[in-house]
Amino acid sequence: MPGVFRHNRTMNPNALLRPFHLAFPVHDLEAAHTFYTGVLGCTPGRRAERWADFDFFGHQISAHLVDAIPEPAPTNTIDRQPVPARHFGVILAWDDWQDLAARLSRAAVEWLIEPTVRFAGELGEQATCFILDPSGNALEFKAFRDDERIFAH
């Protein structure tokens, strides 16, 4: 099945990869809702006064309202670009990544790292881009031309 990986890092090597869950801080729950549903196209899930769930490309993420946002994450230089050391995202199919990058461009998002192909011609060649959500959380969207190379070394 395309896009579904069998993982071999668990006790059951034939199990399908399950969705992950990630919780992250936001300073404005309404702005987070608008960004994740309107800009990224995520389906909203459950919601309470101080948190909201979203379907993030098949994974569950939860925005938690906090009184103070942590300082921006330090960066690590990768392929001559400063990459936020703390970020989350998703690996998309190549065509889906191109569609999302185009949609984000049309939405006039402010790029942290513009859409680019990193490590061109190398084993880890990947398309990538970084944006910030309204609370300063860094998100990366990436794609590999060959999904078999995601964990290649």
# chains A, B, ... in the order shown; residues from 1 in each chain; ligands from 1
call {"tool": "select_by_dssp", "arguments": {"residues": "region 35-84 of chain A", "states": "strand (DSSP E)", "output": "list in words"}}
result
Thr43, Pro44, Gly45, Arg46, Arg47, Trp51, Ala52, Asp53, Phe54, Asp55, Phe56, His59, Gln60, Ile61, Ser62, Ala63, His64, Leu65, Thr75, Asn76, Thr77, Ile78, Gln81, Pro82, Val83 and Pro84 of chain A
call {"tool": "residues_around", "arguments": {"residues": "region 84-92 of chain A", "least_positions_apart": "3", "cutoff": "9 Å", "atoms": "only C-alpha atoms", "output": "JSON, numbers by chain"}}
result
{"A": [3, 22, 56, 57, 72, 73, 74, 75, 76, 77, 95, 96, 97, 130, 137, 138, 139, 140, 141, 142, 143, 144, 150]}
call {"tool": "residues_around", "arguments": {"residues": "region 107-115 of chain A", "least_positions_apart": "2", "cutoff": "10 Å", "atoms": "only C-alpha atoms", "output": "list in words"}}
result
Gly38, Val39, Leu40, Gln81, Pro82, Val83, Pro84, Trp97, Gln98, Ala101, Ala102, Arg103, Leu104, Ser105, Val117, Arg118, Ala127, Thr128, Cys129, Phe130, Ile131, Leu132, Asp133, Ala138, Leu139, Glu140, Phe141 and Lys142 of chain A
call {"tool": "select_by_dssp", "arguments": {"residues": "chain A", "states": "helix (DSSP H, G or I)", "output": "list in words"}}
result
Leu29, Glu30, Ala31, Ala32, His33, Thr34, Phe35, Tyr36, Thr37, Gly38, Val39, Trp94, Asp95, Asp96, Trp97, Gln98, Asp99, Leu100, Ala101, Ala102, Arg103, Leu104, Ser105, Arg106, Asp147, Glu148 and Arg149 of chain A
call {"tool": "residues_around", "arguments": {"residues": "Ser135 (chain A)", "least_positions_apart": "3", "cutoff": "9 Å", "atoms": "only C-alpha atoms", "output": "list in words"}}
result
Pro25, Val26, His27, Asp28, Ala31, Ala32, Ile69 and Leu132 of chain A
call {"tool": "residues_around", "arguments": {"residues": "Arg145 (chain A)", "least_positions_apart": "2", "cutoff": "9 Å", "atoms": "only C-alpha atoms", "output": "ChimeraX atom specification"}}
result
/A:93-94,125-127,143,147-149
call {"tool": "write_last_selection", "arguments": {"atoms": "C-alpha atoms", "output": "PDB file, in the first residue's frame"}}
result
ATOM      1  CA  ALA A  93       4.484  11.887  -1.306  1.00  0.00           C
ATOM      2  CA  TRP A  94       6.523  13.962  -3.795  1.00  0.00           C
ATOM      3  CA  GLU A 125      17.833  13.770  -1.489  1.00  0.00           C
ATOM      4  CA  GLN A 126      14.623  15.385  -0.282  1.00  0.00           C
ATOM      5  CA  ALA A 127      12.283  18.262  -0.954  1.00  0.00           C
ATOM      6  CA  ALA A 143       9.235  14.436   0.540  1.00  0.00           C
ATOM      7  CA  ASP A 147      10.355   6.416   0.074  1.00  0.00           C
ATOM      8  CA  GLU A 148      12.775   3.511   0.446  1.00  0.00           C
ATOM      9  CA  ARG A 149      15.456   6.146   1.097  1.00  0.00           C
TER      10      ARG A 149
END
call {"tool": "atom_distance", "arguments": {"atom1": "CA of Ala52 (chain A)", "atom2": "CA of Leu17 (chain A)"}}
result
23.9 Å
call {"tool": "atom_distance", "arguments": {"atom1": "CA of His21 (chain A)", "atom2": "CA of Gln60 (chain A)"}}
result
4.8 Å
call {"tool": "closest_residue", "arguments": {"among": "A:Pro19, A:Thr116, A:Phe24, A:Gly121", "to": "Pro70 (chain A)", "atoms": "only C-alpha atoms"}}
result
A:Phe24
call {"tool": "atom_distance", "arguments": {"atom1": "CA of Phe35 (chain A)", "atom2": "CA of Glu71 (chain A)"}}
result
20.5 Å
call {"tool": "closest_residue", "arguments": {"among": "A:Glu30, A:Ala152, A:Ser62, A:Glu122", "to": "Gly45 (chain A)", "atoms": "only C-alpha atoms"}}
result
A:Ser62
